[in-house]
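Asker: Below is a structure I'd like to ask you about.
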Amino acid sequence: MIDHGTLAIPEPGQTVPATSEVECDAALAVLRDNAKAWVDTGVEDRIELLAELRRTTHAVAERWATAAGDAKGIAPGSSLRGEDWLSGPMLTLRNMRLLQRTLEEVRDDGAPKLELRTRPGGQVVADVFPEGPLDQLVFPQFTGEVWFQPQVSMDEVQRDAAAIYRGEKDGGGVCVVLGAGNVSSIPPMDVLSKLFVEDRVCLLKMNPVNESLGPVLEEALAPLVAAGFLRVVYGGGDIGAYLTSHDLVDEIHITGSDKTHDIIVYGPGEEGRARKERDEKVNDKHITSELGNVSPVIVVPGPWSPSDIAFHGDNLASMLVQNAGFNCIASRVYLTHGSWARRRDLLDAVRDSLRRAEERVPYYPGAVDRWQQFVEAYPQAEWFGPAGEDRVPFTLIPDVAETQSDALAFSTEAFCGVVAETPLDAPLSVPAYLEKAVRFCNENLWGTLSASIIVHPRSLKDPAVREAVEKAIEDLEYGSVVVNHWSAVPYGMGSTTWGAFPGHTDQDIQSGRGVVHNSKMLADVQKSVVRGPFRPAMKPVWFHTHERAHEVVPRATELEATEDFSVLPRLLWHALRG
């Protein structure tokens, strides 16, 4: 029997002494005492606090990125060092800047500035990206939209945005944030969302995988700690269980595994699984979560040139290689048209890119075992680099039949450097292929976090193809849909929302419930949609083939922190040579 969801991840050994239960009690007591003070903190004071947080975070940015790269075994001087600048301080500072900007709009105008429109059929959309020159520099030629639930009107969207800043306060509360162990911006950005968008003071428990970064994050967020609005603690599953069931905790937020969610809600082991079947909860606190995904990439057949094939070979490979594959939105299934003449060429380009990828340390616990489960299940698996007791080579599993509706590759998140490819047997028309691909994603792939569609601009000149792509974006039941690029882009934009497609229950939680980031402070969100160029003018900095990422991203980090455009010439000099 295949176990749907994320494969089991063993708990690592701890590098930081666990916080005692007595110390946890004291931390929660401080937060409880200050919960109302946070609710009563005015907009101007929160703006000043975010400005100070940008200064304290920028001050530790280099130490933060260096420590994260060291912990993942990335060689000093490698261009991959840019990865931890990007997924750590840079995106955190961006989130802070955007939250500050929204609060300035609330202060000056009484509400966030929203550019609203309706799609055919009446669904309300907010155009949230770009908002200015800095946005265009960080994500050039990209646009971002937030789509609302179909029943929500434009007046309701405007009314409910940033509601906590317009009298709709519920007295606040204490939220335990169980931090993710893979991407170092996740814990602070989850905290920022809970504080500034939802009015909750936070106790952040660091994940044992990256708990060594805890002291750096405490320095970055020192103004919140000093004011009694944040506490950081350490420990494994036992401390997590103690905190999530604590009487002083009102709410829980998890970024991690669906298995962790189920243990919190229903309890561990066979008894917990039996309770889940009966929907008999042992913990009924409000839980929001982001829990992973078998992330699809739908490749639309079209008039791709050899250079297009080469570019998107790197594009597809980078969706897996980034962070050694330890991302909840790493590409997991490439969907192709089985009869497309360029399919084999594209797969060869992916192979070539994976051969050129720098070997990575499998720093996340259990990665070797998870990799072995996949390569044992699929004899056709191809890996690029040496395997061994402490190695996980990047692995492509081509030709996974669509008829295997409950296949391991479709139902289970490997959470390591493994991706499958499934050729769909579909009519030669692009609209028919897209209809089948979307249905396959919605019905066969586990999770609803994010998906990508790659389509050539010449294909979009055909009105039928253009209409079919828009219908695919509409019909994909994912919290984020990205055209032409990695579906992680909305995570980094910040003005878009980040979370699962709405509607999951505790018994079928999949990718979770609720959204984070959401710097426009929007309610009743259905999904975010991001569109990027098929072949951008500059190589995206998240490509594993970018040779100057370690030079570009520190300067982008400075831009987000200071908005000092004097750093721009050096940034562009390195970006153009990536």
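Just remember, in the structure tokens the first chain shown is A, the second B, etc., residues are 1-based per chain, and ligands are 1-based in the order shown.
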Stretch 301-310 of chain A: which residues within 6 Å, counting only C-alpha atoms, same-chain residues fewer than 4 positions away excluded, as a list in words?
Answerer: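 Here the answer would be Leu346, Ala349 and Ser459 of chain A.
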Asker: If we count only C-alpha atoms and set the cut-off at 8 Å, which residues sit around A:Val265, ignoring sequence neighbours fewer than 4 positions away in its own chain? Please answer as a list in words.
Answerer: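 Within the cut-off, the hits are His261, Lys281, Val282, Asn283, Asp284 and Asp506 of chain A.
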Asker: Find the residue from A:Gln158, A:Leu568, A:Gly5, A:Lys205 that sits nearest to A:Cys328; use only C-alpha atoms when measuring.
Answerer: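 Counting only C-alpha atoms, the residue closest to A:Cys328 is A:Gly5.
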Asker: Would you list the contacts of A:Ile239 as a list of chain:residue names, taking every protein, DNA or RNA residue within 10 Å and counting only C-alpha atoms, but skipping same-chain residues closer than 4 positions in sequence?
Answerer: A:Ala18, A:Thr19, A:Ser20, A:Glu21, A:Cys24, A:Lys205, A:Val233, A:Tyr234, A:Gly235, A:Leu243, A:Thr244
Asker: Restricted to N, CA and C atoms, what would the selected residues look like written as a PDB file, in the first residue's frame?
Answerer:
```
ATOM      1  N   ALA A  18      17.922  21.660  24.024  1.00  0.00           N
ATOM      2  CA  ALA A  18      16.473  21.853  24.001  1.00  0.00           C
ATOM      3  C   ALA A  18      16.045  22.815  25.096  1.00  0.00           C
ATOM      4  N   THR A  19      15.043  23.616  24.794  1.00  0.00           N
ATOM      5  CA  THR A  19      14.435  24.486  25.788  1.00  0.00           C
ATOM      6  C   THR A  19      13.600  23.618  26.731  1.00  0.00           C
ATOM      7  N   SER A  20      13.751  23.836  28.028  1.00  0.00           N
ATOM      8  CA  SER A  20      13.008  23.024  28.997  1.00  0.00           C
ATOM      9  C   SER A  20      11.533  23.419  29.002  1.00  0.00           C
ATOM     10  N   GLU A  21      10.707  22.546  29.536  1.00  0.00           N
ATOM     11  CA  GLU A  21       9.282  22.857  29.648  1.00  0.00           C
ATOM     12  C   GLU A  21       9.058  24.080  30.539  1.00  0.00           C
ATOM     13  N   CYS A  24       9.773  27.021  28.446  1.00  0.00           N
ATOM     14  CA  CYS A  24       8.666  27.217  27.505  1.00  0.00           C
ATOM     15  C   CYS A  24       7.472  27.871  28.201  1.00  0.00           C
ATOM     16  N   LYS A 205       9.252  27.729  17.384  1.00  0.00           N
ATOM     17  CA  LYS A 205      10.121  26.596  17.702  1.00  0.00           C
ATOM     18  C   LYS A 205      10.933  26.266  16.462  1.00  0.00           C
ATOM     19  N   VAL A 233      12.320  29.133  20.747  1.00  0.00           N
ATOM     20  CA  VAL A 233      12.697  27.981  21.567  1.00  0.00           C
ATOM     21  C   VAL A 233      13.217  26.865  20.671  1.00  0.00           C
ATOM     22  N   TYR A 234      13.784  25.841  21.323  1.00  0.00           N
ATOM     23  CA  TYR A 234      14.462  24.770  20.603  1.00  0.00           C
ATOM     24  C   TYR A 234      14.025  23.426  21.163  1.00  0.00           C
ATOM     25  N   GLY A 235      14.113  22.396  20.298  1.00  0.00           N
ATOM     26  CA  GLY A 235      13.781  21.054  20.747  1.00  0.00           C
ATOM     27  C   GLY A 235      13.183  20.235  19.627  1.00  0.00           C
ATOM     28  N   LEU A 243       4.235  22.103  23.390  1.00  0.00           N
ATOM     29  CA  LEU A 243       3.781  23.447  23.044  1.00  0.00           C
ATOM     30  C   LEU A 243       2.419  23.441  22.362  1.00  0.00           C
ATOM     31  N   THR A 244       2.214  22.530  21.436  1.00  0.00           N
ATOM     32  CA  THR A 244       0.967  22.558  20.660  1.00  0.00           C
ATOM     33  C   THR A 244      -0.244  22.177  21.502  1.00  0.00           C
TER      34      THR A 244
END
```
Asker: Please measure the separation of atom CA of A:Gly173 and atom CA of A:Val216, giving the value in Å to one decimal.
Answerer: 25.6 Å
Asker: Using DSSP on the backbone coordinates, identify all residues within stretch 226-469 of chain A classified as helix (DSSP H, G or I); present the result as a compact mmCIF listing (two decimals) with N, CA and C atoms, in the first residue's frame.
Answerer:
```txt
# COMPACT_ATOMS: atom_id res chain seq x y z
N ALA A 226 12.56 41.91 22.11
CA ALA A 226 12.69 42.89 23.19
C ALA A 226 11.34 43.39 23.68
N GLY A 237 10.46 16.69 18.66
CA GLY A 237 9.03 16.43 18.65
C GLY A 237 8.39 16.49 20.02
N ASP A 238 9.17 16.16 21.08
CA ASP A 238 8.60 16.19 22.42
C ASP A 238 8.26 17.62 22.84
N ILE A 239 9.15 18.55 22.52
CA ILE A 239 8.87 19.96 22.85
C ILE A 239 7.74 20.48 21.96
N GLY A 240 7.72 20.06 20.69
CA GLY A 240 6.62 20.46 19.82
C GLY A 240 5.28 20.00 20.35
N ALA A 241 5.23 18.75 20.84
CA ALA A 241 3.98 18.22 21.39
C ALA A 241 3.57 18.97 22.65
N TYR A 242 4.55 19.32 23.48
CA TYR A 242 4.25 20.06 24.70
C TYR A 242 3.65 21.43 24.37
N LEU A 243 4.23 22.10 23.39
CA LEU A 243 3.78 23.45 23.04
C LEU A 243 2.42 23.44 22.36
N THR A 244 2.21 22.53 21.44
CA THR A 244 0.97 22.56 20.66
C THR A 244 -0.24 22.18 21.50
N ASP A 258 2.61 16.70 6.28
CA ASP A 258 1.24 16.35 6.63
C ASP A 258 1.21 15.36 7.80
N LYS A 259 2.27 14.57 7.95
CA LYS A 259 2.34 13.61 9.06
C LYS A 259 2.41 14.33 10.39
N THR A 260 3.15 15.45 10.43
CA THR A 260 3.23 16.25 11.66
C THR A 260 1.86 16.81 12.00
N HIS A 261 1.16 17.33 11.00
CA HIS A 261 -0.20 17.84 11.23
C HIS A 261 -1.08 16.77 11.84
N ASP A 262 -1.06 15.57 11.27
CA ASP A 262 -1.95 14.51 11.73
C ASP A 262 -1.63 14.08 13.16
N ILE A 263 -0.33 14.06 13.52
CA ILE A 263 0.04 13.70 14.89
C ILE A 263 -0.48 14.74 15.87
N ILE A 264 -0.38 16.01 15.51
CA ILE A 264 -0.88 17.07 16.40
C ILE A 264 -2.39 16.95 16.59
N VAL A 265 -3.09 16.73 15.50
CA VAL A 265 -4.56 16.75 15.55
C VAL A 265 -5.12 15.45 16.14
N TYR A 266 -4.54 14.31 15.73
CA TYR A 266 -5.14 13.02 16.08
C TYR A 266 -4.28 12.15 17.01
N GLY A 269 1.01 7.22 16.02
CA GLY A 269 0.90 5.77 15.92
C GLY A 269 -0.43 5.27 15.37
N GLU A 270 -0.63 3.97 15.56
CA GLU A 270 -1.85 3.33 15.06
C GLU A 270 -3.10 3.92 15.70
N GLU A 271 -2.98 4.26 16.98
CA GLU A 271 -4.14 4.85 17.66
C GLU A 271 -4.52 6.18 17.02
N GLY A 272 -3.49 6.99 16.67
CA GLY A 272 -3.77 8.25 16.00
C GLY A 272 -4.40 8.05 14.63
N ARG A 273 -3.93 7.06 13.89
CA ARG A 273 -4.51 6.79 12.58
C ARG A 273 -5.97 6.35 12.70
N ALA A 274 -6.25 5.57 13.75
CA ALA A 274 -7.64 5.15 13.97
C ALA A 274 -8.51 6.36 14.32
N ARG A 275 -7.98 7.26 15.13
CA ARG A 275 -8.74 8.47 15.46
C ARG A 275 -8.99 9.31 14.21
N LYS A 276 -7.99 9.38 13.33
CA LYS A 276 -8.16 10.14 12.10
C LYS A 276 -9.31 9.58 11.26
N GLU A 277 -9.39 8.26 11.17
CA GLU A 277 -10.48 7.64 10.42
C GLU A 277 -11.84 8.01 11.00
N ARG A 278 -11.88 8.15 12.34
CA ARG A 278 -13.14 8.52 13.01
C ARG A 278 -13.31 10.03 13.13
N PRO A 306 16.05 24.94 -30.79
CA PRO A 306 17.08 24.31 -29.97
C PRO A 306 17.50 25.15 -28.77
N SER A 307 17.57 26.47 -28.95
CA SER A 307 17.95 27.32 -27.81
C SER A 307 16.83 27.37 -26.76
N ASP A 308 15.57 27.30 -27.19
CA ASP A 308 14.45 27.21 -26.24
C ASP A 308 14.57 25.92 -25.42
N ILE A 309 14.87 24.83 -26.12
CA ILE A 309 15.01 23.53 -25.45
C ILE A 309 16.12 23.59 -24.42
N ALA A 310 17.26 24.18 -24.78
CA ALA A 310 18.39 24.26 -23.85
C ALA A 310 18.04 25.11 -22.63
N PHE A 311 17.38 26.26 -22.88
CA PHE A 311 17.01 27.13 -21.75
C PHE A 311 16.09 26.41 -20.79
N HIS A 312 15.06 25.76 -21.32
CA HIS A 312 14.09 25.13 -20.43
C HIS A 312 14.58 23.80 -19.86
N GLY A 313 15.61 23.21 -20.47
CA GLY A 313 16.28 22.11 -19.79
C GLY A 313 16.87 22.58 -18.47
N ASP A 314 17.52 23.75 -18.50
CA ASP A 314 18.05 24.34 -17.26
C ASP A 314 16.93 24.79 -16.33
N ASN A 315 15.85 25.33 -16.92
CA ASN A 315 14.71 25.79 -16.12
C ASN A 315 14.12 24.62 -15.33
N LEU A 316 13.81 23.52 -16.04
CA LEU A 316 13.21 22.36 -15.38
C LEU A 316 14.16 21.73 -14.38
N ALA A 317 15.42 21.61 -14.73
CA ALA A 317 16.38 21.01 -13.81
C ALA A 317 16.55 21.87 -12.55
N SER A 318 16.56 23.19 -12.72
CA SER A 318 16.76 24.08 -11.57
C SER A 318 15.62 23.98 -10.56
N MET A 319 14.41 23.66 -11.05
CA MET A 319 13.28 23.48 -10.14
C MET A 319 13.50 22.31 -9.20
N LEU A 320 14.40 21.39 -9.57
CA LEU A 320 14.74 20.25 -8.72
C LEU A 320 16.02 20.50 -7.95
N VAL A 321 17.01 21.06 -8.61
CA VAL A 321 18.35 21.18 -8.03
C VAL A 321 18.39 22.18 -6.89
N GLN A 322 17.63 23.26 -6.99
CA GLN A 322 17.68 24.31 -5.97
C GLN A 322 17.46 23.70 -4.58
N ASN A 323 18.34 24.05 -3.65
CA ASN A 323 18.29 23.54 -2.27
C ASN A 323 18.37 22.01 -2.23
N ALA A 324 19.08 21.45 -3.21
CA ALA A 324 19.33 20.00 -3.27
C ALA A 324 18.04 19.18 -3.36
N GLY A 325 16.96 19.81 -3.79
CA GLY A 325 15.68 19.10 -3.90
C GLY A 325 14.87 19.08 -2.62
N ARG A 343 9.77 16.27 -27.38
CA ARG A 343 9.76 15.74 -26.01
C ARG A 343 11.11 15.13 -25.65
N ARG A 344 11.63 14.24 -26.49
CA ARG A 344 12.90 13.58 -26.19
C ARG A 344 14.04 14.59 -26.13
N ASP A 345 14.00 15.59 -27.00
CA ASP A 345 15.04 16.63 -26.97
C ASP A 345 15.02 17.38 -25.64
N LEU A 346 13.80 17.69 -25.15
CA LEU A 346 13.70 18.41 -23.88
C LEU A 346 14.22 17.55 -22.73
N LEU A 347 13.87 16.27 -22.71
CA LEU A 347 14.36 15.40 -21.65
C LEU A 347 15.88 15.28 -21.72
N ASP A 348 16.44 15.24 -22.92
CA ASP A 348 17.89 15.20 -23.04
C ASP A 348 18.53 16.49 -22.49
N ALA A 349 17.84 17.62 -22.71
CA ALA A 349 18.36 18.89 -22.18
C ALA A 349 18.32 18.88 -20.65
N VAL A 350 17.26 18.31 -20.08
CA VAL A 350 17.20 18.18 -18.61
C VAL A 350 18.34 17.28 -18.13
N ARG A 351 18.55 16.18 -18.80
CA ARG A 351 19.65 15.28 -18.43
C ARG A 351 20.99 16.03 -18.46
N ASP A 352 21.21 16.77 -19.54
CA ASP A 352 22.47 17.50 -19.67
C ASP A 352 22.64 18.50 -18.53
N SER A 353 21.56 19.17 -18.16
CA SER A 353 21.62 20.14 -17.06
C SER A 353 21.91 19.45 -15.74
N LEU A 354 21.27 18.32 -15.50
CA LEU A 354 21.50 17.59 -14.24
C LEU A 354 22.94 17.06 -14.17
N ARG A 355 23.51 16.69 -15.31
CA ARG A 355 24.91 16.25 -15.32
C ARG A 355 25.84 17.39 -14.89
N ARG A 356 25.46 18.61 -15.25
CA ARG A 356 26.31 19.77 -14.93
C ARG A 356 26.06 20.32 -13.53
N ALA A 367 17.13 11.33 3.60
CA ALA A 367 17.10 11.54 2.16
C ALA A 367 17.55 10.30 1.39
N VAL A 368 18.59 9.64 1.86
CA VAL A 368 19.10 8.47 1.15
C VAL A 368 18.04 7.37 1.11
N ASP A 369 17.36 7.14 2.23
CA ASP A 369 16.31 6.11 2.26
C ASP A 369 15.16 6.46 1.34
N ARG A 370 14.77 7.72 1.31
CA ARG A 370 13.66 8.11 0.43
C ARG A 370 14.06 7.95 -1.03
N TRP A 371 15.29 8.34 -1.36
CA TRP A 371 15.77 8.18 -2.73
C TRP A 371 15.76 6.70 -3.14
N GLN A 372 16.21 5.84 -2.24
CA GLN A 372 16.26 4.42 -2.56
C GLN A 372 14.87 3.84 -2.81
N GLN A 373 13.87 4.31 -2.07
CA GLN A 373 12.51 3.83 -2.31
C GLN A 373 12.06 4.14 -3.73
N PHE A 374 12.43 5.30 -4.23
CA PHE A 374 12.02 5.68 -5.58
C PHE A 374 12.79 4.91 -6.64
N VAL A 375 14.09 4.80 -6.49
CA VAL A 375 14.85 4.11 -7.55
C VAL A 375 14.56 2.62 -7.55
N GLU A 376 14.20 2.06 -6.39
CA GLU A 376 13.80 0.65 -6.37
C GLU A 376 12.43 0.45 -7.01
N ALA A 377 11.57 1.45 -6.90
CA ALA A 377 10.22 1.33 -7.49
C ALA A 377 10.24 1.52 -9.00
N LEU A 408 3.76 5.69 -6.94
CA LEU A 408 4.55 6.36 -5.91
C LEU A 408 4.89 7.79 -6.32
N ALA A 409 5.26 7.97 -7.58
CA ALA A 409 5.67 9.30 -8.06
C ALA A 409 4.52 10.30 -8.07
N PHE A 410 3.29 9.82 -8.09
CA PHE A 410 2.13 10.70 -8.13
C PHE A 410 1.54 10.97 -6.74
N SER A 411 1.66 10.00 -5.86
CA SER A 411 0.97 10.08 -4.57
C SER A 411 1.86 10.50 -3.42
N VAL A 430 -3.60 21.23 -28.74
CA VAL A 430 -3.14 21.73 -27.45
C VAL A 430 -4.29 21.86 -26.45
N PRO A 431 -5.45 22.37 -26.84
CA PRO A 431 -6.55 22.46 -25.86
C PRO A 431 -6.93 21.10 -25.28
N ALA A 432 -6.98 20.07 -26.10
CA ALA A 432 -7.33 18.74 -25.59
C ALA A 432 -6.24 18.22 -24.65
N TYR A 433 -4.99 18.45 -25.00
CA TYR A 433 -3.88 18.03 -24.14
C TYR A 433 -3.94 18.76 -22.79
N LEU A 434 -4.14 20.06 -22.82
CA LEU A 434 -4.19 20.81 -21.57
C LEU A 434 -5.35 20.37 -20.69
N GLU A 435 -6.48 20.11 -21.30
CA GLU A 435 -7.63 19.65 -20.51
C GLU A 435 -7.28 18.35 -19.80
N LYS A 436 -6.60 17.44 -20.50
CA LYS A 436 -6.22 16.17 -19.88
C LYS A 436 -5.15 16.38 -18.82
N ALA A 437 -4.19 17.24 -19.08
CA ALA A 437 -3.11 17.49 -18.12
C ALA A 437 -3.66 18.08 -16.82
N VAL A 438 -4.56 19.03 -16.93
CA VAL A 438 -5.15 19.64 -15.73
C VAL A 438 -5.95 18.61 -14.95
N ARG A 439 -6.73 17.82 -15.64
CA ARG A 439 -7.50 16.78 -14.96
C ARG A 439 -6.57 15.79 -14.25
N PHE A 440 -5.46 15.44 -14.92
CA PHE A 440 -4.50 14.52 -14.32
C PHE A 440 -3.91 15.12 -13.03
N CYS A 441 -3.54 16.38 -13.07
CA CYS A 441 -2.98 17.03 -11.88
C CYS A 441 -4.00 17.04 -10.75
N ASN A 442 -5.21 17.46 -11.05
CA ASN A 442 -6.23 17.60 -10.01
C ASN A 442 -6.65 16.26 -9.41
N GLU A 443 -6.64 15.21 -10.23
CA GLU A 443 -7.19 13.93 -9.78
C GLU A 443 -6.14 12.91 -9.35
N ASN A 444 -4.90 13.05 -9.80
CA ASN A 444 -3.91 12.01 -9.56
C ASN A 444 -2.72 12.43 -8.70
N SER A 459 2.85 29.96 -29.55
CA SER A 459 1.65 29.13 -29.37
C SER A 459 0.48 29.99 -28.91
N LEU A 460 0.77 30.98 -28.10
CA LEU A 460 -0.30 31.83 -27.56
C LEU A 460 -0.91 32.76 -28.59
N LYS A 461 -0.28 32.87 -29.75
CA LYS A 461 -0.88 33.69 -30.82
C LYS A 461 -2.12 33.02 -31.41
N PRO A 463 -5.63 31.87 -30.89
CA PRO A 463 -6.66 32.17 -29.87
C PRO A 463 -7.15 30.94 -29.13
N ALA A 464 -7.22 29.81 -29.80
CA ALA A 464 -7.69 28.59 -29.13
C ALA A 464 -6.70 28.13 -28.07
N VAL A 465 -5.40 28.24 -28.37
CA VAL A 465 -4.38 27.85 -27.38
C VAL A 465 -4.39 28.84 -26.21
N ARG A 466 -4.46 30.12 -26.54
CA ARG A 466 -4.48 31.14 -25.49
C ARG A 466 -5.66 30.92 -24.55
N GLU A 467 -6.81 30.65 -25.12
CA GLU A 467 -8.00 30.40 -24.29
C GLU A 467 -7.82 29.13 -23.45
N ALA A 468 -7.20 28.10 -24.04
CA ALA A 468 -7.00 26.85 -23.31
C ALA A 468 -6.03 27.03 -22.15
N VAL A 469 -4.99 27.85 -22.35
CA VAL A 469 -4.03 28.12 -21.26
C VAL A 469 -4.73 28.85 -20.12
```
Asker: Which is closest to A:Asp199 among A:Ile164, A:Leu522, A:Val516, A:Val294, if we use only C-alpha atoms?
Answerer: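 Using only C-alpha atoms, A:Asp199 sits closest to A:Ile164.
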Asker: Extract, using only C-alpha atoms, all DNA, RNA and protein residues at most 12 Å from A:Ile186, discarding same-chain residues fewer than 4 positions from it, and format them as a PyMOL selection string.
Answerer: chain A and resi 86-92+95+177-182+190-193+204+206-207+210+217+253-256+289-290+327-328+491-492+494+498+516-517
Asker: Can you work out the spacing between atom CA of A:Val482 and atom CA of A:Glu402 in Å, to one decimal?
Answerer: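 Taking atom CA of A:Val482 as the start and atom CA of A:Glu402 as the end point, the length is 22.8 Å.
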Asker: Could you tell me which of A:Val60, A:Leu576, A:Leu476, A:Ala556 comes closest to A:Pro215 if we count only C-alpha atoms?
Answerer: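 Closest residue, counting only C-alpha atoms: A:Val60.
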Asker: Write down as a list in words the residues belonging to stretch 411-457 of chain A that are assigned strand (DSSP E) by DSSP computed on the backbone.
Answerer: Thr412, Glu413, Val418, Val419, Ala420, Glu421, Thr422, Pro423, Leu424, Ser450, Ala451, Ser452, Ile453 and Ile454 of chain A
Asker: Work out how far apart atom CA of A:Glu131 and atom CA of A:Pro112 are and give it in Å to one decimal.
Answerer: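 Distance reported for this atom pair: 12.3 Å.
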Asker: For A:Ser295, work out the shell of residues within 7 Å, counting only C-alpha atoms and skipping chain neighbours fewer than 6 positions away, then give it as a PDB file with C-alpha atoms, in the first residue's frame.
Answerer:
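Written output follows (around-v2.pdb):
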```pdb
ATOM      1  CA  ILE A 329       7.736  22.951  -4.325  1.00  0.00           C
ATOM      2  CA  ALA A 330      10.629  21.220  -6.046  1.00  0.00           C
ATOM      3  CA  SER A 331       9.418  19.902  -9.395  1.00  0.00           C
ATOM      4  CA  ARG A 332       8.221  16.311  -8.917  1.00  0.00           C
ATOM      5  CA  VAL A 333       6.388  15.458 -12.162  1.00  0.00           C
ATOM      6  CA  SER A 450       1.712  24.989  -6.604  1.00  0.00           C
ATOM      7  CA  ALA A 451       1.958  24.109 -10.294  1.00  0.00           C
TER       8      ALA A 451
END
```
Asker: Looking at only C-alpha atoms, which of A:Arg531, A:Arg55, A:Arg577, A:His546 is the one that sits closest to A:Gly144?
Answerer: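 Smallest distance to A:Gly144 is found for A:Arg531.
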